[in-house]
Amino acid sequence: MTALADAVARSFAAGEPERPAVSPLRALGRRQLSGVALLGQSVATTAPAASMVLLPVTMLTHDALLPGLVTIVVATVVVTLIAHCLAQFTRRLSAAGGLYTFVSHGAGPRAALTCGVGMLVKYLGSAALTMYHGSQTALALAAQLGITVRGWGIGAVYLAIAVLVGAVLVRGVRFAAIAILAVEACSLSFIIGLMLVSGPAVPITPVAPNVPAVLAIALSALFALAGFESATFFAPETRRPLVTVTRTVLWTPILCGALFIFASWAAWSGRAGTVVNAYLHGTAGGAGLLVVILLDAGLTCSWLGSSMASSNAASRLVYSMSVEGVLPRVFGRVGARLRTPHVALIVSTGTVAAGGLLFVALDGVPMSVKTVVRTALALSYILVAVAAVRFLARIDELSHLDRYAGGTASSVLAVVLGYLTVSDARHGVLIAPVMVVAVLLAGALWYRYLRRAHPESLRAIGVFDSPESADVLPGAGVFAVNARGAIALVGVRRSGGNQAGRRRFGPGER
């Protein structure tokens with residue numbers, strides 16, 4: 001009680017600072033997002049309902065049931081190791097830049113810009129892919145209901161969906177996340193129920209793939225599990241971010257991985273028959289009209305929910321870069337009432353809509369586009385795994401488990417990229433290595449440009465949500481000017497007025 005009494009007494013005696021400490025990310029509206037809403041954002045990005053259908057289809061079309069099941073289990077373990085690496089950052093930092101910010105603190109600004117390029121390609125590309133597939137399924141659903149859309153009407157449907165997605169996101173992160181979670185939960189319940197009571201599937205003629213079956217399933221599984229990290233982009237907007245975001249990051253790949261393993265088991269045991277038949281053949285595969293309609297409705301919601309969540313995450317990354325000066329400041333504008341980065345959201349959603357319309361014009365998604373997005377994702381994961389090990393080693397908190405998780409995850413992903421490169425090279429395709437070089441080169445050129453034109457932005461990279469004066473009992477905190485020239489909390493005062501010294505990793509320190 002003596003320490004508490006001393007702290008209260010100091011709070012009355014302490015004067016107001018001349019320059020109060022404020023978080024650089026305060027415009028987003030700090031501490032407004034619940035753990036349930038954050039889980040909705042994280043889970044929705046992975047589109048679990050749609051992935052529970054596509055993974056069995058991939059296994060059946062490649063005639064790899066037991067190998068596919070084992071591959072999905074291994075993919076779940078690898079992504080969980082990546083989640084462990086991310087958790088080392090989320091326990092210490094609350095940042096709207098997510099992986100981009102984490103890499104900056106572990107591997108420096110050049111690697112951070114490279115990761116930023118990879119994340120933008122991943123999230124914008126993934127959002128465009130899922131918007132296209134969701135809109136296609138919506139058109140199929142309309143056809144089942146007797147409504148046929150052709151010609152320019154298809155483009156109008158895509159634009160209407162894009163406008164709806166953008167409006168929901170601008171409305172606010174809580175509304176969007178909770179709505180997505182509710183719809184996704186209904187879709188998952190329906191698909192799991194179908195698999196539990198399903199019969200055998202109609203025989204499927206295996207395809208002649210350009211990549212080996214195990215590699216195709218591994219890429220599909222890794223991409224299906226990707227997106228769990230989108231929770232990190234909303235940490236400043238989350239209540240108790242260091243705890244809530246860490247739990248979400250660790251549990252989402254485990255939860256989604258369990259669902260995907262169940263779906264792969266259903267394919268291996270023949271219980272995915274009804275779902276696969278309804279997805280591939282509609283009522284012609286023996287499924288009832290009601291089952292096909294409900295499945296199409298669930299897949300539409302899952303795809304579009306993923307597109308919405310990916311666009312949302314991309315907007316926070318763009319916003320964070322704008323706050324640092326890495327991107328134009330206009331992207332950092334935030335609505336006064338809704339507290340959403342509306343400019344970044346409009347640009348992100350517009351880019352996604354343009355990508356979806358391009359796929360409409362191409363009458364499908366080229367495999368090269370999927371390879372580009374998957375390669376960018378794998379490279380970003382490798383960077384954050386390596387950055388986590390370097391970060392923990394620098395602050396002298398690296399454990400054997402951390403070193404094992406970072407080394408194993410990055411090595412497995414590097415092997416997958418190498419396997420994909422060799423496999424594609426046999427068919428005269430070099431998209432994967434070209435994409436790796438393109439991302440690395442883009443990051444290096446971006447760094448060089450900023451170093452010459454805007455060197456102050458390089459020093460600002462790594463912005464995260466720091467405690468404000470209002471967050472600390474008056475007289476209990478020690479505030480000073482940090483490396484960015486802002487007032488920030490650098491320590492705490494002990495009973496009797498002694499300063500406890502600087503924290504190992506304080507605001508603005510690297």
# chains A, B, ... in the order shown; residues from 1 in each chain; ligands from 1
>>> residues_around(residues="A:Val416", least_positions_apart="2", cutoff="9 Å", atoms="only C-alpha atoms", output="PyMOL selection string")
chain A and resi 215+218-219+378+411-414+418-421
>>> residues_around(residues="stretch 302-312 of chain A", least_positions_apart="2", cutoff="8 Å", atoms="only C-alpha atoms", output="NGL selection string")
:A and (41-42 or 44-50 or 123-124 or 126-131 or 133-135 or 165-166 or 169 or 177 or 180 or 183-184 or 187 or 227 or 230 or 298-300 or 314-316 or 345 or 348-349 or 352)
>>> atom_distance(atom1="atom CA of A:Ala112", atom2="atom CA of A:Cys256")
27.6 Å
>>> atom_distance(atom1="atom CA of A:Gly118", atom2="atom CA of A:Ala376")
4.6 Å
>>> closest_residue(among="A:Ala284, A:Val373, A:Ala313, A:Ser34", to="A:Val436", atoms="only C-alpha atoms")
A:Val373
>>> residues_around(residues="A:Pro24", least_positions_apart="5", cutoff="9 Å", atoms="only C-alpha atoms", output="number ranges by chain")
A: 323, 463-466
>>> write_last_selection(atoms="all heavy atoms", output="compact mmCIF listing (two decimals), in the first residue's frame")
# COMPACT_ATOMS: atom_id res chain seq x y z
N VAL A 323 1.99 7.46 -42.66
CA VAL A 323 2.36 8.15 -41.42
C VAL A 323 3.87 8.33 -41.34
O VAL A 323 4.37 9.36 -40.87
CB VAL A 323 1.82 7.37 -40.21
CG1 VAL A 323 2.41 7.91 -38.91
CG2 VAL A 323 0.30 7.44 -40.16
N VAL A 463 7.19 2.78 -37.03
CA VAL A 463 6.28 3.45 -36.11
C VAL A 463 5.32 2.44 -35.49
O VAL A 463 4.78 1.58 -36.18
CB VAL A 463 5.48 4.55 -36.86
CG1 VAL A 463 4.25 4.96 -36.06
CG2 VAL A 463 6.37 5.76 -37.10
N PHE A 464 5.11 2.55 -34.17
CA PHE A 464 4.16 1.69 -33.50
C PHE A 464 3.41 2.49 -32.44
O PHE A 464 3.78 3.63 -32.12
CB PHE A 464 4.84 0.46 -32.88
CG PHE A 464 5.94 0.79 -31.91
CD1 PHE A 464 5.68 0.91 -30.56
CD2 PHE A 464 7.25 0.96 -32.36
CE1 PHE A 464 6.70 1.20 -29.66
CE2 PHE A 464 8.27 1.25 -31.47
CZ PHE A 464 7.99 1.38 -30.11
N ASP A 465 2.36 1.91 -31.93
CA ASP A 465 1.51 2.59 -30.95
C ASP A 465 2.23 2.67 -29.62
O ASP A 465 2.46 1.64 -28.96
CB ASP A 465 0.19 1.82 -30.81
CG ASP A 465 -0.79 2.53 -29.90
OD1 ASP A 465 -0.83 3.77 -29.94
OD2 ASP A 465 -1.50 1.84 -29.15
N SER A 466 2.58 3.87 -29.19
CA SER A 466 3.32 4.06 -27.94
C SER A 466 2.41 4.67 -26.88
O SER A 466 1.42 5.33 -27.20
CB SER A 466 4.53 4.97 -28.18
OG SER A 466 4.11 6.21 -28.74
>>> select_by_dssp(residues="stretch 247-462 of chain A", states="alpha helix (DSSP H)", output="ChimeraX atom specification")
/A:247-269,273-281,289-324,342-362,367-394,400-425,431-453,455-460
>>> residues_around(residues="A:Val429", least_positions_apart="5", cutoff="12 Å", atoms="only C-alpha atoms", output="list in words")
Asn210, Val211, Met367, Ser368, Thr371, Leu420, Thr421, Val422, Ser423, Asp424, Val434 and Met435 of chain A
>>> write_last_selection(atoms="N, CA and C atoms", output="PDB file, in the first residue's frame")
ATOM      1  N   ASN A 210       0.864 -29.067 -64.034  1.00  0.00           N
ATOM      2  CA  ASN A 210       2.200 -28.572 -64.374  1.00  0.00           C
ATOM      3  C   ASN A 210       3.161 -28.712 -63.207  1.00  0.00           C
ATOM      4  N   VAL A 211       2.619 -28.926 -61.996  1.00  0.00           N
ATOM      5  CA  VAL A 211       3.455 -29.105 -60.808  1.00  0.00           C
ATOM      6  C   VAL A 211       3.087 -30.430 -60.158  1.00  0.00           C
ATOM      7  N   MET A 367      -2.852 -18.967 -63.825  1.00  0.00           N
ATOM      8  CA  MET A 367      -2.044 -19.611 -62.800  1.00  0.00           C
ATOM      9  C   MET A 367      -0.837 -18.759 -62.422  1.00  0.00           C
ATOM     10  N   SER A 368      -0.335 -17.971 -63.379  1.00  0.00           N
ATOM     11  CA  SER A 368       0.818 -17.114 -63.098  1.00  0.00           C
ATOM     12  C   SER A 368       0.500 -16.089 -62.011  1.00  0.00           C
ATOM     13  N   THR A 371       0.732 -17.783 -58.695  1.00  0.00           N
ATOM     14  CA  THR A 371       2.134 -18.003 -58.356  1.00  0.00           C
ATOM     15  C   THR A 371       2.776 -16.721 -57.842  1.00  0.00           C
ATOM     16  N   LEU A 420       9.296 -25.205 -56.344  1.00  0.00           N
ATOM     17  CA  LEU A 420       8.396 -24.610 -57.334  1.00  0.00           C
ATOM     18  C   LEU A 420       9.183 -24.090 -58.536  1.00  0.00           C
ATOM     19  N   THR A 421      10.331 -23.492 -58.282  1.00  0.00           N
ATOM     20  CA  THR A 421      11.165 -22.971 -59.371  1.00  0.00           C
ATOM     21  C   THR A 421      11.638 -24.089 -60.294  1.00  0.00           C
ATOM     22  N   VAL A 422      12.137 -25.182 -59.695  1.00  0.00           N
ATOM     23  CA  VAL A 422      12.621 -26.311 -60.493  1.00  0.00           C
ATOM     24  C   VAL A 422      11.482 -26.937 -61.287  1.00  0.00           C
ATOM     25  N   SER A 423      10.324 -27.107 -60.614  1.00  0.00           N
ATOM     26  CA  SER A 423       9.182 -27.715 -61.285  1.00  0.00           C
ATOM     27  C   SER A 423       8.703 -26.872 -62.463  1.00  0.00           C
ATOM     28  N   ASP A 424       8.604 -25.544 -62.253  1.00  0.00           N
ATOM     29  CA  ASP A 424       8.158 -24.664 -63.335  1.00  0.00           C
ATOM     30  C   ASP A 424       9.182 -24.576 -64.457  1.00  0.00           C
ATOM     31  N   VAL A 434      11.547 -15.113 -60.821  1.00  0.00           N
ATOM     32  CA  VAL A 434      11.440 -13.735 -61.317  1.00  0.00           C
ATOM     33  C   VAL A 434      10.712 -12.866 -60.292  1.00  0.00           C
ATOM     34  N   MET A 435       9.680 -13.415 -59.657  1.00  0.00           N
ATOM     35  CA  MET A 435       8.936 -12.660 -58.652  1.00  0.00           C
ATOM     36  C   MET A 435       9.791 -12.388 -57.428  1.00  0.00           C
TER      37      MET A 435
END
>>> residues_around(residues="A:Leu383", least_positions_apart="5", cutoff="9 Å", atoms="only C-alpha atoms", output="MDAnalysis selection string")
chainID A and resid 99 103 107 111:112 114:115 378 388 410
>>> closest_residue(among="A:Phe359, A:Gly288, A:Ile82, A:Gly29", to="A:Ala336", atoms="only C-alpha atoms")
A:Gly29
>>> residues_around(residues="A:Leu294", least_positions_apart="2", cutoff="12 Å", atoms="only C-alpha atoms", output="ChimeraX atom specification")
/A:137-138,140-142,144-145,186-191,194,275,278-279,282,287-292,296-301
>>> residues_around(residues="A:Thr248", least_positions_apart="6", cutoff="9 Å", atoms="only C-alpha atoms", output="ChimeraX atom specification")
/A:35,38-39,42,228-229,231-232
>>> decode(residues="stretch 361-385 of chain A", atoms="N, CA, C and O atoms", output="CSV table (one decimal), in the first residue's frame")
chain,number,residue,atom,x,y,z
A,361,ALA,N,-12.3,-9.9,-67.6
A,361,ALA,CA,-11.9,-9.8,-69.0
A,361,ALA,C,-11.1,-11.0,-69.6
A,361,ALA,O,-11.2,-11.4,-70.7
A,362,LEU,N,-10.3,-11.6,-68.7
A,362,LEU,CA,-9.5,-12.7,-69.0
A,362,LEU,C,-10.3,-14.0,-68.9
A,362,LEU,O,-9.8,-15.1,-69.3
A,363,ASP,N,-11.5,-13.9,-68.4
A,363,ASP,CA,-12.4,-15.1,-68.2
A,363,ASP,C,-11.7,-16.1,-67.3
A,363,ASP,O,-11.8,-17.3,-67.5
A,364,GLY,N,-11.1,-15.7,-66.2
A,364,GLY,CA,-10.5,-16.6,-65.3
A,364,GLY,C,-9.2,-16.0,-64.7
A,364,GLY,O,-8.7,-14.9,-65.1
A,365,VAL,N,-8.7,-16.6,-63.7
A,365,VAL,CA,-7.4,-16.2,-63.0
A,365,VAL,C,-6.3,-17.0,-63.6
A,365,VAL,O,-6.3,-18.3,-63.4
A,366,PRO,N,-5.3,-16.4,-64.3
A,366,PRO,CA,-4.2,-17.2,-64.8
A,366,PRO,C,-3.4,-17.8,-63.6
A,366,PRO,O,-3.3,-17.2,-62.5
A,367,MET,N,-2.9,-19.0,-63.8
A,367,MET,CA,-2.0,-19.6,-62.8
A,367,MET,C,-0.8,-18.8,-62.4
A,367,MET,O,-0.4,-18.8,-61.3
A,368,SER,N,-0.3,-18.0,-63.4
A,368,SER,CA,0.8,-17.1,-63.1
A,368,SER,C,0.5,-16.1,-62.0
A,368,SER,O,1.4,-15.7,-61.2
A,369,VAL,N,-0.8,-15.6,-62.0
A,369,VAL,CA,-1.1,-14.6,-61.0
A,369,VAL,C,-1.1,-15.3,-59.6
A,369,VAL,O,-0.6,-14.7,-58.6
A,370,LYS,N,-1.6,-16.5,-59.5
A,370,LYS,CA,-1.6,-17.2,-58.2
A,370,LYS,C,-0.1,-17.5,-57.7
A,370,LYS,O,0.2,-17.3,-56.6
A,371,THR,N,0.7,-17.8,-58.7
A,371,THR,CA,2.1,-18.0,-58.4
A,371,THR,C,2.8,-16.7,-57.8
A,371,THR,O,3.6,-16.7,-56.9
A,372,VAL,N,2.4,-15.6,-58.5
A,372,VAL,CA,3.0,-14.3,-58.0
A,372,VAL,C,2.6,-14.0,-56.6
A,372,VAL,O,3.4,-13.6,-55.7
A,373,VAL,N,1.3,-14.2,-56.3
A,373,VAL,CA,0.8,-13.9,-54.9
A,373,VAL,C,1.4,-14.9,-53.9
A,373,VAL,O,1.9,-14.4,-52.8
A,374,ARG,N,1.5,-16.1,-54.2
A,374,ARG,CA,2.0,-17.1,-53.3
A,374,ARG,C,3.5,-16.9,-53.1
A,374,ARG,O,4.0,-17.0,-51.9
A,375,THR,N,4.3,-16.5,-54.1
A,375,THR,CA,5.7,-16.2,-54.0
A,375,THR,C,5.9,-15.0,-53.1
A,375,THR,O,6.8,-15.1,-52.2
A,376,ALA,N,5.2,-14.0,-53.3
A,376,ALA,CA,5.3,-12.8,-52.4
A,376,ALA,C,5.0,-13.1,-51.0
A,376,ALA,O,5.7,-12.6,-50.1
A,377,LEU,N,4.0,-13.9,-50.7
A,377,LEU,CA,3.7,-14.3,-49.4
A,377,LEU,C,4.8,-15.1,-48.7
A,377,LEU,O,5.2,-14.8,-47.6
A,378,ALA,N,5.3,-16.1,-49.4
A,378,ALA,CA,6.4,-16.9,-48.9
A,378,ALA,C,7.6,-16.1,-48.6
A,378,ALA,O,8.2,-16.3,-47.5
A,379,LEU,N,8.0,-15.2,-49.4
A,379,LEU,CA,9.1,-14.3,-49.2
A,379,LEU,C,8.9,-13.5,-48.0
A,379,LEU,O,9.8,-13.3,-47.2
A,380,SER,N,7.7,-12.9,-47.8
A,380,SER,CA,7.4,-12.1,-46.6
A,380,SER,C,7.5,-12.9,-45.4
A,380,SER,O,8.0,-12.4,-44.3
A,381,TYR,N,7.0,-14.1,-45.4
A,381,TYR,CA,7.1,-15.0,-44.2
A,381,TYR,C,8.6,-15.3,-43.9
A,381,TYR,O,8.9,-15.4,-42.7
A,382,ILE,N,9.4,-15.6,-44.9
A,382,ILE,CA,10.8,-15.8,-44.6
A,382,ILE,C,11.4,-14.6,-44.0
A,382,ILE,O,12.2,-14.8,-43.0
A,383,LEU,N,11.2,-13.4,-44.5
A,383,LEU,CA,11.8,-12.2,-43.9
A,383,LEU,C,11.4,-12.0,-42.5
A,383,LEU,O,12.2,-11.7,-41.6
A,384,VAL,N,10.1,-12.2,-42.1
A,384,VAL,CA,9.7,-12.0,-40.7
A,384,VAL,C,10.2,-13.1,-39.8
A,384,VAL,O,10.5,-12.8,-38.6
A,385,ALA,N,10.4,-14.3,-40.3
A,385,ALA,CA,11.0,-15.4,-39.5
A,385,ALA,C,12.4,-15.1,-39.1
A,385,ALA,O,12.9,-15.2,-38.0
